Each structure stands twice: as C-alpha cells, then as structure tokens.
>>> print(open('start38.csv').read())   # CSV, C-alpha atoms and all ligand atoms
chain,number,residue,atom,x,y,z
A,1,MET,CA,-46.2,-28.8,-33.3
A,2,LYS,CA,-44.4,-28.5,-30.1
A,3,PRO,CA,-41.1,-26.6,-30.3
A,4,ASP,CA,-37.9,-28.7,-29.9
A,5,VAL,CA,-36.0,-28.1,-26.7
A,6,LEU,CA,-32.6,-29.7,-25.9
A,7,ILE,CA,-32.1,-30.3,-22.2
A,8,ALA,CA,-28.4,-30.1,-21.6
A,9,GLY,CA,-28.1,-31.7,-18.2
A,10,PRO,CA,-30.2,-33.3,-15.4
A,11,LEU,CA,-32.8,-31.0,-13.7
A,12,TYR,CA,-35.3,-31.3,-10.9
A,13,GLN,CA,-37.7,-34.1,-11.9
A,14,PRO,CA,-40.9,-32.0,-11.9
A,15,THR,CA,-39.1,-29.5,-14.2
A,16,LEU,CA,-38.2,-32.3,-16.6
A,17,ASP,CA,-41.8,-33.5,-16.5
A,18,ALA,CA,-43.0,-30.0,-17.3
A,19,LEU,CA,-40.5,-29.7,-20.1
A,20,ASP,CA,-41.7,-33.0,-21.5
A,21,ARG,CA,-45.3,-31.9,-21.4
A,22,GLU,CA,-44.7,-28.6,-23.2
A,23,PHE,CA,-42.0,-29.4,-25.7
A,24,THR,CA,-40.4,-32.1,-27.8
A,25,THR,CA,-37.4,-32.7,-25.6
A,26,HIS,CA,-33.9,-34.0,-26.4
A,27,LYS,CA,-32.0,-35.1,-23.3
A,28,LEU,CA,-28.3,-34.5,-24.2
A,29,TRP,CA,-26.8,-35.9,-20.9
A,30,LEU,CA,-28.4,-39.3,-21.5
A,31,ALA,CA,-26.9,-39.7,-25.0
A,32,PRO,CA,-24.0,-42.2,-25.2
A,33,ASP,CA,-22.6,-40.3,-28.2
A,34,ARG,CA,-23.0,-36.6,-27.6
A,35,LYS,CA,-21.8,-35.5,-31.0
A,36,ALA,CA,-24.0,-37.9,-32.9
A,37,PHE,CA,-27.0,-37.0,-30.7
A,38,LEU,CA,-26.5,-33.2,-31.4
A,39,ALA,CA,-26.1,-33.8,-35.1
A,40,ALA,CA,-29.3,-35.7,-35.2
A,41,CYS,CA,-31.5,-33.0,-33.6
A,42,ALA,CA,-29.6,-29.8,-34.4
A,43,ASP,CA,-31.7,-28.7,-37.3
A,44,ARG,CA,-34.9,-28.7,-35.1
A,45,VAL,CA,-33.7,-27.5,-31.7
A,46,ARG,CA,-35.0,-23.9,-31.0
A,47,GLY,CA,-34.5,-23.9,-27.3
A,48,VAL,CA,-32.1,-25.1,-24.6
A,49,ALA,CA,-33.0,-25.8,-21.0
A,50,THR,CA,-30.0,-26.1,-18.8
A,51,SER,CA,-28.8,-25.9,-15.2
A,52,GLY,CA,-26.5,-23.3,-13.5
A,53,PHE,CA,-24.1,-26.2,-13.1
A,54,VAL,CA,-24.0,-27.5,-16.7
A,55,GLY,CA,-24.7,-24.2,-18.5
A,56,ALA,CA,-24.2,-23.9,-22.2
A,57,ASP,CA,-20.8,-23.2,-23.8
A,58,ALA,CA,-19.9,-21.7,-27.2
A,59,ALA,CA,-19.5,-25.2,-28.7
A,60,LEU,CA,-23.0,-26.2,-27.8
A,61,ILE,CA,-24.4,-22.9,-29.0
A,62,ASP,CA,-22.5,-23.2,-32.3
A,63,ALA,CA,-23.8,-26.8,-32.8
A,64,LEU,CA,-27.4,-25.5,-32.8
A,65,PRO,CA,-28.0,-23.3,-35.8
A,66,LYS,CA,-31.7,-22.8,-35.1
A,67,LEU,CA,-31.2,-21.9,-31.4
A,68,GLU,CA,-33.3,-18.9,-30.2
A,69,ILE,CA,-33.3,-19.2,-26.4
A,70,ILE,CA,-31.3,-20.7,-23.5
A,71,SER,CA,-33.3,-21.0,-20.3
A,72,SER,CA,-31.1,-21.7,-17.3
A,73,PHE,CA,-32.4,-23.2,-14.1
A,74,GLY,CA,-30.6,-21.0,-11.5
A,75,VAL,CA,-29.9,-17.3,-11.0
A,76,GLY,CA,-26.2,-17.5,-11.6
A,77,TYR,CA,-25.5,-17.9,-15.3
A,78,ASP,CA,-21.7,-17.9,-15.2
A,79,ALA,CA,-21.7,-21.4,-16.9
A,80,VAL,CA,-23.6,-20.0,-19.9
A,81,ASP,CA,-21.4,-18.3,-22.5
A,82,VAL,CA,-23.7,-15.2,-22.7
A,83,GLU,CA,-21.3,-13.4,-25.1
A,84,ALA,CA,-21.4,-16.3,-27.6
A,85,ALA,CA,-25.2,-16.4,-27.2
A,86,THR,CA,-25.6,-12.7,-27.7
A,87,ARG,CA,-23.4,-12.8,-30.8
A,88,ARG,CA,-25.9,-15.3,-32.3
A,89,LYS,CA,-28.9,-13.2,-31.0
A,90,VAL,CA,-29.8,-16.1,-28.7
A,91,ILE,CA,-31.8,-15.0,-25.6
A,92,VAL,CA,-30.5,-16.2,-22.3
A,93,THR,CA,-32.8,-16.3,-19.2
A,94,ASN,CA,-32.2,-17.2,-15.6
A,95,THR,CA,-34.4,-17.6,-12.4
A,96,PRO,CA,-33.8,-14.6,-10.2
A,97,GLY,CA,-35.8,-13.8,-7.1
A,98,VAL,CA,-37.6,-17.1,-6.5
A,99,LEU,CA,-34.6,-18.5,-4.6
A,100,ASN,CA,-33.7,-15.5,-2.4
A,101,ASP,CA,-35.3,-16.9,0.7
A,102,ALA,CA,-33.9,-20.4,0.5
A,103,VAL,CA,-30.3,-19.2,-0.1
A,104,ALA,CA,-30.6,-16.5,2.7
A,105,ASP,CA,-32.0,-19.1,5.1
A,106,LEU,CA,-29.1,-21.5,4.4
A,107,THR,CA,-26.6,-18.6,4.8
A,108,LEU,CA,-27.8,-17.7,8.2
A,109,GLY,CA,-27.7,-21.4,9.1
A,110,LEU,CA,-24.1,-21.6,7.9
A,111,ILE,CA,-23.1,-18.5,9.9
A,112,ILE,CA,-24.6,-20.0,13.0
A,113,ALA,CA,-23.4,-23.5,12.3
A,114,ALA,CA,-19.8,-22.3,11.9
A,115,ALA,CA,-19.8,-19.9,14.8
A,116,ARG,CA,-21.6,-22.2,17.2
A,117,ARG,CA,-19.9,-25.3,15.9
A,118,ILE,CA,-23.2,-27.2,15.3
A,119,PRO,CA,-21.7,-30.0,13.1
A,120,GLN,CA,-18.9,-30.4,15.7
A,121,GLY,CA,-21.5,-30.7,18.5
A,122,ASP,CA,-23.4,-33.3,16.5
A,123,ARG,CA,-20.3,-35.4,15.9
A,124,TYR,CA,-19.3,-35.0,19.6
A,125,VAL,CA,-22.6,-36.5,20.7
A,126,ARG,CA,-22.7,-39.3,18.0
A,127,GLU,CA,-19.1,-40.3,18.9
A,128,HIS,CA,-19.9,-40.7,22.6
A,129,LYS,CA,-17.4,-37.9,23.5
A,130,TRP,CA,-19.9,-36.2,25.8
A,131,LEU,CA,-19.3,-39.1,28.3
A,132,ARG,CA,-15.6,-38.3,28.4
A,133,GLN,CA,-14.8,-34.6,27.9
A,134,ALA,CA,-16.4,-31.1,27.5
A,135,LEU,CA,-17.0,-29.6,24.1
A,136,PRO,CA,-14.9,-26.5,23.6
A,137,LEU,CA,-16.9,-23.2,23.8
A,138,ALA,CA,-18.0,-21.5,20.5
A,139,GLN,CA,-18.3,-17.9,19.2
A,140,HIS,CA,-21.2,-15.7,20.0
A,141,VAL,CA,-23.4,-14.7,17.0
A,142,THR,CA,-25.8,-11.9,18.2
A,143,GLY,CA,-24.4,-8.4,17.8
A,144,LYS,CA,-21.4,-9.4,15.7
A,145,ARG,CA,-20.3,-7.6,12.5
A,146,LEU,CA,-21.5,-9.1,9.2
A,147,GLY,CA,-19.9,-8.2,5.9
A,148,ILE,CA,-21.8,-9.0,2.8
A,149,ILE,CA,-20.1,-9.1,-0.6
A,150,GLY,CA,-22.9,-8.4,-3.1
A,151,LEU,CA,-25.9,-6.6,-1.6
A,152,GLY,CA,-28.2,-7.8,-4.4
A,153,ARG,CA,-31.4,-9.7,-4.2
A,154,ILE,CA,-30.0,-12.5,-2.0
A,155,GLY,CA,-27.6,-10.3,-0.2
A,156,GLN,CA,-30.5,-8.1,0.9
A,157,ALA,CA,-32.5,-11.1,2.1
A,158,ILE,CA,-29.5,-12.2,4.1
A,159,ALA,CA,-29.2,-8.7,5.7
A,160,LYS,CA,-33.0,-8.8,6.6
A,161,ARG,CA,-32.5,-12.0,8.5
A,162,ALA,CA,-29.2,-10.9,10.0
A,163,ALA,CA,-30.9,-7.8,11.5
A,164,GLY,CA,-33.0,-10.2,13.6
A,165,PHE,CA,-29.7,-11.3,15.2
A,166,ASP,CA,-28.7,-7.7,15.8
A,167,LEU,CA,-25.7,-8.2,13.5
A,168,LYS,CA,-24.0,-4.9,12.4
A,169,ILE,CA,-24.3,-5.1,8.7
A,170,ALA,CA,-21.9,-3.7,6.1
A,171,TYR,CA,-21.3,-4.6,2.4
A,172,HIS,CA,-19.1,-4.3,-0.6
A,173,SER,CA,-20.2,-4.1,-4.2
A,174,ARG,CA,-19.1,-2.0,-7.2
A,175,HIS,CA,-21.8,0.5,-6.6
A,176,ARG,CA,-23.3,1.9,-3.4
A,177,VAL,CA,-26.9,0.7,-2.9
A,178,GLU,CA,-29.0,3.9,-2.8
A,179,GLY,CA,-31.1,4.2,0.3
A,180,SER,CA,-29.5,1.2,2.0
A,181,PRO,CA,-29.1,1.6,5.8
A,182,TYR,CA,-25.9,-0.5,5.8
A,183,THR,CA,-22.3,0.7,5.8
A,184,TYR,CA,-20.7,0.6,2.4
A,185,HIS,CA,-17.0,-0.3,1.8
A,186,ALA,CA,-15.7,0.5,-1.6
A,187,ARG,CA,-12.7,-1.8,-0.9
A,188,LEU,CA,-13.4,-5.4,-0.1
A,189,VAL,CA,-10.3,-5.7,2.1
A,190,ASP,CA,-11.8,-2.9,4.3
A,191,LEU,CA,-15.1,-4.8,4.6
A,192,ALA,CA,-13.2,-7.9,5.6
A,193,ALA,CA,-11.1,-6.0,8.2
A,194,ASN,CA,-14.3,-4.7,9.7
A,195,SER,CA,-16.2,-8.1,9.8
A,196,ASP,CA,-16.5,-11.0,12.1
A,197,PHE,CA,-18.5,-13.0,9.4
A,198,LEU,CA,-17.9,-12.3,5.7
A,199,VAL,CA,-20.5,-13.7,3.3
A,200,ALA,CA,-19.9,-13.9,-0.4
A,201,ILE,CA,-23.1,-13.7,-2.4
A,202,LEU,CA,-22.1,-12.2,-5.8
A,203,PRO,CA,-22.0,-13.6,-9.3
A,204,GLY,CA,-19.2,-15.9,-10.4
A,205,GLY,CA,-17.3,-15.5,-13.7
A,206,LYS,CA,-14.2,-13.7,-15.0
A,207,GLU,CA,-14.8,-10.4,-13.2
A,208,THR,CA,-15.1,-11.8,-9.7
A,209,TRP,CA,-12.5,-14.6,-10.0
A,210,HIS,CA,-10.6,-15.0,-6.7
A,211,ILE,CA,-12.0,-11.7,-5.5
A,212,VAL,CA,-11.7,-13.2,-2.0
A,213,ASN,CA,-8.0,-13.6,-2.1
A,214,GLU,CA,-5.3,-14.2,0.6
A,215,GLU,CA,-5.2,-10.5,1.5
A,216,VAL,CA,-9.0,-10.4,2.1
A,217,MET,CA,-8.9,-13.6,4.2
A,218,ARG,CA,-6.0,-12.3,6.3
A,219,ALA,CA,-7.9,-9.1,6.9
A,220,LEU,CA,-10.9,-11.1,8.1
A,221,GLY,CA,-8.4,-12.6,10.5
A,222,PRO,CA,-7.9,-15.4,13.0
A,223,LYS,CA,-11.3,-15.1,14.5
A,224,GLY,CA,-13.2,-14.3,11.3
A,225,ILE,CA,-15.5,-16.8,9.5
A,226,LEU,CA,-15.8,-16.8,5.7
A,227,VAL,CA,-19.1,-18.0,4.3
A,228,ASN,CA,-19.2,-18.7,0.6
A,229,VAL,CA,-22.7,-19.2,-0.9
A,230,ALA,CA,-21.8,-17.5,-4.2
A,231,ARG,CA,-19.6,-19.5,-6.5
A,232,GLY,CA,-16.4,-21.5,-5.8
A,233,SER,CA,-14.6,-19.3,-8.3
A,234,VAL,CA,-14.9,-16.1,-6.2
A,235,VAL,CA,-12.6,-17.6,-3.4
A,236,ASP,CA,-9.0,-18.5,-3.9
A,237,GLU,CA,-9.4,-22.0,-2.5
A,238,ALA,CA,-5.7,-22.7,-2.2
A,239,ALA,CA,-5.2,-19.5,-0.2
A,240,LEU,CA,-8.2,-20.4,1.9
A,241,VAL,CA,-6.7,-23.8,2.8
A,242,LYS,CA,-3.4,-22.0,3.6
A,243,CYS,CA,-5.0,-19.4,5.8
A,244,LEU,CA,-7.0,-22.0,7.7
A,245,GLN,CA,-4.0,-24.2,8.2
A,246,GLU,CA,-1.9,-21.3,9.5
A,247,GLY,CA,-4.7,-20.0,11.7
A,248,ALA,CA,-4.7,-16.7,9.8
A,249,LEU,CA,-8.5,-17.3,9.2
A,250,GLY,CA,-10.7,-18.5,12.0
A,251,GLY,CA,-13.1,-20.7,10.0
A,252,ALA,CA,-15.2,-21.2,6.9
A,253,ALA,CA,-18.6,-22.3,5.9
A,254,LEU,CA,-18.8,-23.3,2.2
A,255,ASP,CA,-21.7,-24.3,0.0
A,256,VAL,CA,-19.7,-23.9,-3.2
A,257,PHE,CA,-16.3,-24.9,-4.5
A,258,GLU,CA,-13.9,-24.2,-7.4
A,259,ASP,CA,-14.1,-27.7,-8.9
A,260,GLU,CA,-17.5,-29.1,-7.9
A,261,PRO,CA,-18.2,-31.8,-6.9
A,262,LYS,CA,-14.6,-32.1,-5.9
A,263,VAL,CA,-13.6,-30.6,-2.5
A,264,PRO,CA,-10.0,-30.1,-1.5
A,265,GLU,CA,-8.9,-33.0,0.7
A,266,ALA,CA,-7.4,-30.6,3.2
A,267,LEU,CA,-10.8,-29.0,3.9
A,268,LEU,CA,-12.4,-32.4,4.7
A,269,THR,CA,-10.1,-32.9,7.6
A,270,MET,CA,-10.4,-29.4,9.2
A,271,ASP,CA,-12.6,-29.1,12.3
A,272,ASN,CA,-13.2,-25.3,11.8
A,273,VAL,CA,-14.9,-25.8,8.4
A,274,VAL,CA,-18.6,-26.5,7.6
A,275,LEU,CA,-19.2,-28.0,4.2
A,276,GLN,CA,-22.4,-28.2,2.1
A,277,PRO,CA,-22.8,-29.7,-1.4
A,278,HIS,CA,-24.1,-26.6,-3.2
A,279,VAL,CA,-27.6,-26.7,-1.7
A,280,GLY,CA,-28.4,-23.0,-1.3
A,281,SER,CA,-31.6,-23.3,-3.3
A,282,ALA,CA,-32.2,-27.0,-2.6
A,283,THR,CA,-35.7,-27.0,-1.2
A,284,HIS,CA,-38.7,-28.6,-3.0
A,285,GLU,CA,-40.6,-25.3,-2.8
A,286,THR,CA,-37.7,-23.3,-4.3
A,287,ARG,CA,-36.7,-25.8,-6.9
A,288,MET,CA,-40.4,-26.0,-8.0
A,289,ALA,CA,-40.5,-22.2,-8.4
A,290,MET,CA,-37.1,-22.2,-10.3
A,291,GLY,CA,-38.4,-24.9,-12.6
A,292,GLN,CA,-41.6,-23.1,-13.3
A,293,LEU,CA,-39.7,-19.9,-14.2
A,294,THR,CA,-37.3,-22.0,-16.4
A,295,VAL,CA,-40.3,-23.4,-18.3
A,296,ASP,CA,-42.3,-20.2,-18.4
A,297,ASN,CA,-39.4,-18.3,-20.0
A,298,LEU,CA,-39.5,-20.9,-22.9
A,299,ILE,CA,-43.3,-20.9,-23.1
A,300,ALA,CA,-43.4,-17.1,-23.3
A,301,HIS,CA,-40.7,-17.0,-26.0
A,302,PHE,CA,-42.4,-19.6,-28.2
A,303,ALA,CA,-45.7,-17.9,-27.8
A,304,GLY,CA,-44.1,-14.8,-29.4
A,305,LYS,CA,-43.9,-12.9,-26.1
A,306,PRO,CA,-40.8,-11.4,-24.4
A,307,PRO,CA,-39.1,-13.8,-22.0
A,308,LEU,CA,-39.9,-13.1,-18.3
A,309,THR,CA,-36.3,-12.9,-17.0
A,310,PRO,CA,-33.8,-12.3,-19.7
A,311,VAL,CA,-30.1,-11.6,-18.9
A,312,ASN,CA,-29.0,-10.4,-22.3
B,1,LIG,P1,-27.9,-10.0,-7.9
B,1,LIG,O1,-29.2,-9.5,-7.4
B,1,LIG,O2,-27.5,-9.7,-9.3
B,1,LIG,O3,-26.8,-9.4,-6.9
B,1,LIG,C1,-25.4,-9.5,-7.2
B,1,LIG,C2,-24.6,-8.5,-6.3
B,1,LIG,O4,-23.2,-8.7,-6.5
B,1,LIG,C3,-24.9,-7.0,-6.5
B,1,LIG,O5,-25.0,-6.4,-5.3
B,1,LIG,C4,-23.7,-6.6,-7.3
B,1,LIG,O6,-23.5,-5.2,-7.1
B,1,LIG,C5,-22.6,-7.4,-6.8
B,1,LIG,N1,-21.5,-7.6,-7.7
B,1,LIG,C6,-21.6,-8.0,-9.0
B,1,LIG,N2,-20.3,-7.9,-9.5
B,1,LIG,C7,-19.5,-7.5,-8.5
B,1,LIG,C8,-18.1,-7.3,-8.5
B,1,LIG,N3,-17.3,-7.5,-9.5
B,1,LIG,N4,-17.6,-6.9,-7.3
B,1,LIG,C9,-18.3,-6.7,-6.2
B,1,LIG,N5,-19.7,-6.9,-6.2
B,1,LIG,C10,-20.2,-7.3,-7.4
B,1,LIG,O7,-27.7,-11.5,-7.7
B,1,LIG,P2,-28.4,-12.5,-6.7
B,1,LIG,O8,-29.7,-12.9,-7.2
B,1,LIG,O9,-28.4,-11.9,-5.3
B,1,LIG,O10,-27.4,-13.8,-6.8
B,1,LIG,C11,-26.1,-13.6,-6.5
B,1,LIG,C12,-25.3,-14.9,-6.8
B,1,LIG,O11,-25.5,-15.9,-5.8
B,1,LIG,C13,-25.6,-15.6,-8.1
B,1,LIG,O12,-25.0,-15.0,-9.2
B,1,LIG,C14,-25.1,-17.0,-7.9
B,1,LIG,O13,-23.7,-17.1,-8.3
B,1,LIG,C15,-25.1,-17.1,-6.3
B,1,LIG,N6,-26.1,-18.1,-5.9
B,1,LIG,C16,-25.7,-19.2,-5.3
B,1,LIG,C17,-26.6,-20.2,-4.8
B,1,LIG,C18,-26.3,-21.4,-4.1
B,1,LIG,O14,-26.9,-22.4,-4.3
B,1,LIG,N7,-25.2,-21.4,-3.3
B,1,LIG,C19,-28.0,-20.0,-5.1
B,1,LIG,C20,-28.4,-18.9,-5.8
B,1,LIG,C21,-27.4,-17.9,-6.2
B,1,LIG,P3,-22.8,-4.2,-8.1
B,1,LIG,O15,-23.4,-4.5,-9.5
B,1,LIG,O16,-23.0,-2.9,-7.6
B,1,LIG,O17,-21.3,-4.6,-8.0
B,2,LIG,C1,-28.6,-24.0,-8.4
B,2,LIG,C2,-27.4,-21.7,-8.0
B,2,LIG,O1,-28.4,-25.1,-7.6
B,2,LIG,O2,-29.2,-20.3,-8.7
B,2,LIG,C3,-28.0,-20.5,-8.6
B,2,LIG,O3,-27.2,-19.7,-9.1
B,2,LIG,O4,-26.3,-21.8,-7.7
B,2,LIG,C4,-28.4,-22.8,-7.5
B,2,LIG,O5,-29.6,-22.3,-7.2
B,2,LIG,C5,-27.7,-24.1,-9.6
B,2,LIG,O6,-27.9,-23.1,-10.5
B,2,LIG,C6,-28.0,-25.5,-10.3
B,2,LIG,O7,-28.9,-25.3,-11.3
>>> encode(input="start38.csv", output="structure tokens", more="lines below")
Ligand code: NAP
Ligand code: 8YV
Amino acid sequence: MKPDVLIAGPLYQPTLDALDREFTTHKLWLAPDRKAFLAACADRVRGVATSGFVGADAALIDALPKLEIISSFGVGYDAVDVEAATRRKVIVTNTPGVLNDAVADLTLGLIIAAARRIPQGDRYVREHKWLRQALPLAQHVTGKRLGIIGLGRIGQAIAKRAAGFDLKIAYHSRHRVEGSPYTYHARLVDLAANSDFLVAILPGGKETWHIVNEEVMRALGPKGILVNVARGSVVDEAALVKCLQEGALGGAALDVFEDEPKVPEALLTMDNVVLQPHVGSATHETRMAMGQLTVDNLIAHFAGKPPLTPVN
C-alpha cells in the first residue's frame, strides 16, 4: 500500500510525476470544493507535498488528523506554519542547498542588469531609439561595494561569484559568520550606508518583516541599488516606491514581492527598476534537484528513516 500524500498546490511537472509514482496522491488545488475534497481524504493522508508559495497553514494541518510530514518544495518555508506543525509533531522539510547556484547566478545577473541597465538597452534597441539618440551611460560594477543581508548558503554563493567582479563584500546577519573574510555589520543600516549594491537573501516571516525599511533604503542612497531575491515581505514595498520616486534610492532589482503575483503599478512604470517573476531557482536542473529532495524526504520518512532535511 502506497502512503497517501496530499499535494497542496501546483509543482514542477516531473516532481508531480514522481509523487504520483511513489504515493497515492490527492491534488488539492484541482478540487472544485476544497472542503469536501479534504473531508474525503483526511483520514488517509499521512504526508503533504507543497510549494514555498502555497505552503501549509494551520487550517490545512488541523484538517489532516493523520498527518506526519509536510515536504515543501523550496528552501524558504515561511508559508508553512511550522509552529502549528510542531505542536502536532508533524515533521516539516525543505530543499536547502540544491538551489544555491541558480539563485546566486540570478542575483549576479540582477546586479549587473540594474547597474548596466541591460533591460533598458534591450528596450532601446527594440524601440528603434538607437537610430535617434544615445543611451544614457550606466553604473560601473567591478570594484563596487556589495552588502549582503544573510550570509547563509545562498549569500555565500553570491559572495563567491561577486569576488570574481572584485566587489568589496560586507554582510549583515544576527550572528557573525566565523572565519568569514567579509566585513560584518551588526546594524543593517550601517551595511546599507557602506554599500553600492545591497542584496537581501535571508528568510521571510515575522522576524524579518520589513527589515529593509525606509531608513535602510535612504542609507543605501541615491546611487544605491537594492536587490531583493529573498522574500517580498523583507522589504517595505510602499517605502521602496516612495524612495525610488523621490530619488532617495538609485534603483532596484526585484525577484520577489509582498503580494505575489501582484506587483505595485508604480514599479511597472519606473525605468530604474528591473523586475523578475520569482525565478531565483527556476532552471530545469535546479527544479529537478528540488523536486527530488522533496520526494526523497517523503520516501525516507515513510521507510521509517529520518527525513533528509528537516526544519523542525
Ligand atoms: P540560510 O542558509 O538559512 O541563510 C539565511 C541567512 O539569513 C543566514 O545568514 C542568517 O544568519 C540570516 N538571517 C536569518 N534571520 C535573520 C534576521 N532576522 N536578520 C538578519 N539576518 C538573518 O538560507 P538560504 O538557503 O541561504 O536561503 C535564504 C532565503 O532565500 C530563503 O529563506 C528564501 O526566503 C530565499 N530564497 C529565494 C529564492 C528565490 O527564488 N528568489 C530562492 C531560494 C531562496 P543569522 O542566523 O546569523 O541571522
Ligand atoms: C521557489 C524559493 O520558487 O526556495 C525558495 O525559497 O523561493 C523558490 O526556490 C519557491 O519556493 C516555490 O516553490
């Protein structure tokens, strides 16, 4: 008998296929009546597979009395109510490590795209403007100061790449990273004041909500570029719009937003902003590896082994 696993939201197709092979699956997001669907399978579901976007809230956890494990596709698990799961002794797993390179690659791309105005150059050529006027010059990248908020797995992969551009690297986190060659700032505002590019790559959730506030953005300054590849919740988006409109902040490159997939209209019209639809990990290779780990955590658990990457 295959264990019953509820899939809370859409996932990468090969991951869905693997889940279908290994388990008896119940696809919640396809159900026309969510409540009735849950009631019909609740007494059999022992596992949940979900995405970082959909997560699993307390109501879903409470609706599944036999639940043992929630396996989330993604390293950030702020959309999973880990406290509610832990209270119920439900294991929560995520997919750390396997996406470091993809996210770090995109981050360097965003820094360069924003500083060198790559999307603007692309639009300028497409719109035949090259025939009429010169494209304004951009900002240099090599040798500039890079501030990283969260020198964790991905933050370190970003730093490794940034070293190749001779960027002067500093970071902020709650704890100093032992043995790190980079400058540590205990106060985020001090990191911002000493950065040309400021990259957020720390977890979302209550603790980090709006950690990048107006004071931080003003400290980064009129030439500074904010890059958010963490979670929309870590940046005060209203303050970001205000700082950009006033010229208090030079530019922004954003992969994540407070209310995805909705993006503030004001940002869509700004020329000094580069926008991406939350694609930090979105390569086939990385999504394959994330899916494998999502499935392997469930397989390990149902084989009576410890999960590979638990978070609680
Ligand atoms: P990680 O290895 O756990 O690193 C997290 C870092 O954030 C650590 O350096 C941690 O240091 C710091 N941090 C945590 N809480 C903090 C706080 N309150 N204030 C300041 N720093 C804090 O995580 P990771 O694997 O690098 O992933 C980081 C995050 O990136 C994920 O949680 C996810 O939200 C985001 N992400 C986004 C995408 C995307 O598609 N855009 C893809 C993958 C991941 P201390 O504990 O010392 O504070
Ligand atoms: C995913 C992410 O796109 O891993 C994360 O934290 O943000 C991305 O890799 C997201 O989790 C959707 O599942």
>>> residues_near_point(input="start38.csv", point="(-31.7, -22.6, -25.2)", cutoff="9 Å", atoms="all atoms listed in the file", output="PyMOL selection string")
chain A and resi 5-8+45-50+56+61+67-72+90-93+298
>>> closest_residue(input="start38.csv", among="A:Phe23, A:Tyr77, A:Phe37, A:Trp29", to="ligand LIG 1 (chain B)", atoms="all atoms listed in the file")
A:Tyr77
>>> residues_near_ligand(input="start38.csv", ligand="ligand LIG 1 (chain B)", cutoff="7 Å", atoms="only C-alpha atoms and all ligand atoms", output="VMD selection string")
chain A and resid 74 to 77 96 to 97 99 to 100 103 149 to 155 172 to 176 201 to 204 207 to 208 229 to 231 255 to 256 278 to 281
>>> residues_near_point(input="start38.csv", point="(-16.3, -22.9, 11.5)", cutoff="10 Å", atoms="only C-alpha atoms", output="PyMOL selection string")
chain A and resi 110-120+138-139+223-227+249-254+270-275
>>> atom_distance(input="start38.csv", atom1="atom CA of A:Ala192", atom2="atom CA of A:Val216")
6.0 Å
>>> closest_residue(input="start38.csv", among="A:Pro261, A:Pro14, A:Pro222, A:Gly9", to="A:Cys243", atoms="all atoms listed in the file")
A:Pro222
>>> residues_around(input="start38.csv", residues="A:Phe73", least_positions_apart="3", cutoff="10 Å", atoms="all atoms listed in the file", output="count of residues only")
25
>>> atom_distance(input="start38.csv", atom1="atom CA of A:Lys2", atom2="atom CA of A:Glu22")
6.9 Å
>>> residues_around(input="start38.csv", residues="A:Lys144", least_positions_apart="6", cutoff="9 Å", atoms="only C-alpha atoms", output="PyMOL selection string")
chain A and resi 165-169+195-197
>>> closest_residue(input="start38.csv", among="A:His210, A:His284, A:Arg187, A:Arg21", to="ligand LIG 2 (chain B)", atoms="all atoms listed in the file")
A:His284
>>> closest_residue(input="start38.csv", among="A:Asp101, A:Pro65, A:Leu108, A:Leu30", to="ligand LIG 2 (chain B)", atoms="all atoms listed in the file")
A:Asp101
>>> atom_distance(input="start38.csv", atom1="atom CA of A:Asn297", atom2="atom CA of A:Leu60")
19.8 Å
>>> closest_residue(input="start38.csv", among="A:Leu240, A:Leu106, A:Ala300, A:Ala18", to="A:Gln276", atoms="only C-alpha atoms")
A:Leu106
>>> closest_residue(input="start38.csv", among="A:Leu220, A:Ala170, A:Val98, A:Leu19", to="ligand LIG 2 (chain B)", atoms="only C-alpha atoms and all ligand atoms")
A:Val98
>>> build_atoms(input="start38.csv", residues="stretch 200-213 of chain A", atoms="N, CA and C atoms", output="PDB file, keeping the file's coordinate frame")
ATOM      1  N   ALA A 200     -19.927 -14.202   1.003  1.00  0.00           N
ATOM      2  CA  ALA A 200     -19.900 -13.900  -0.400  1.00  0.00           C
ATOM      3  C   ALA A 200     -21.158 -14.335  -1.086  1.00  0.00           C
ATOM      4  N   ILE A 201     -21.841 -13.385  -1.718  1.00  0.00           N
ATOM      5  CA  ILE A 201     -23.100 -13.700  -2.400  1.00  0.00           C
ATOM      6  C   ILE A 201     -23.200 -12.763  -3.647  1.00  0.00           C
ATOM      7  N   LEU A 202     -22.215 -12.961  -4.539  1.00  0.00           N
ATOM      8  CA  LEU A 202     -22.100 -12.200  -5.800  1.00  0.00           C
ATOM      9  C   LEU A 202     -21.959 -13.148  -6.939  1.00  0.00           C
ATOM     10  N   PRO A 203     -22.136 -12.692  -8.185  1.00  0.00           N
ATOM     11  CA  PRO A 203     -22.000 -13.600  -9.300  1.00  0.00           C
ATOM     12  C   PRO A 203     -20.591 -14.159  -9.475  1.00  0.00           C
ATOM     13  N   GLY A 204     -20.473 -15.367 -10.032  1.00  0.00           N
ATOM     14  CA  GLY A 204     -19.200 -15.900 -10.400  1.00  0.00           C
ATOM     15  C   GLY A 204     -18.812 -15.372 -11.805  1.00  0.00           C
ATOM     16  N   GLY A 205     -17.699 -15.879 -12.346  1.00  0.00           N
ATOM     17  CA  GLY A 205     -17.300 -15.500 -13.700  1.00  0.00           C
ATOM     18  C   GLY A 205     -15.934 -14.736 -13.631  1.00  0.00           C
ATOM     19  N   LYS A 206     -15.513 -14.289 -14.819  1.00  0.00           N
ATOM     20  CA  LYS A 206     -14.200 -13.700 -15.000  1.00  0.00           C
ATOM     21  C   LYS A 206     -13.959 -12.496 -14.022  1.00  0.00           C
ATOM     22  N   GLU A 207     -14.976 -11.639 -13.927  1.00  0.00           N
ATOM     23  CA  GLU A 207     -14.800 -10.400 -13.200  1.00  0.00           C
ATOM     24  C   GLU A 207     -14.622 -10.564 -11.692  1.00  0.00           C
ATOM     25  N   THR A 208     -15.169 -11.639 -11.155  1.00  0.00           N
ATOM     26  CA  THR A 208     -15.100 -11.800  -9.700  1.00  0.00           C
ATOM     27  C   THR A 208     -14.189 -12.972  -9.295  1.00  0.00           C
ATOM     28  N   TRP A 209     -13.413 -13.495 -10.263  1.00  0.00           N
ATOM     29  CA  TRP A 209     -12.500 -14.600 -10.000  1.00  0.00           C
ATOM     30  C   TRP A 209     -11.560 -14.324  -8.885  1.00  0.00           C
ATOM     31  N   HIS A 210     -11.566 -15.149  -7.831  1.00  0.00           N
ATOM     32  CA  HIS A 210     -10.600 -15.000  -6.700  1.00  0.00           C
ATOM     33  C   HIS A 210     -10.706 -13.607  -6.058  1.00  0.00           C
ATOM     34  N   ILE A 211     -11.866 -12.987  -6.084  1.00  0.00           N
ATOM     35  CA  ILE A 211     -12.000 -11.700  -5.500  1.00  0.00           C
ATOM     36  C   ILE A 211     -11.740 -11.772  -3.956  1.00  0.00           C
ATOM     37  N   VAL A 212     -12.095 -12.935  -3.388  1.00  0.00           N
ATOM     38  CA  VAL A 212     -11.700 -13.200  -2.000  1.00  0.00           C
ATOM     39  C   VAL A 212     -10.381 -13.883  -2.001  1.00  0.00           C
ATOM     40  N   ASN A 213      -9.327 -13.053  -1.954  1.00  0.00           N
ATOM     41  CA  ASN A 213      -8.000 -13.600  -2.100  1.00  0.00           C
ATOM     42  C   ASN A 213      -7.317 -13.645  -0.676  1.00  0.00           C
TER      43      ASN A 213
END
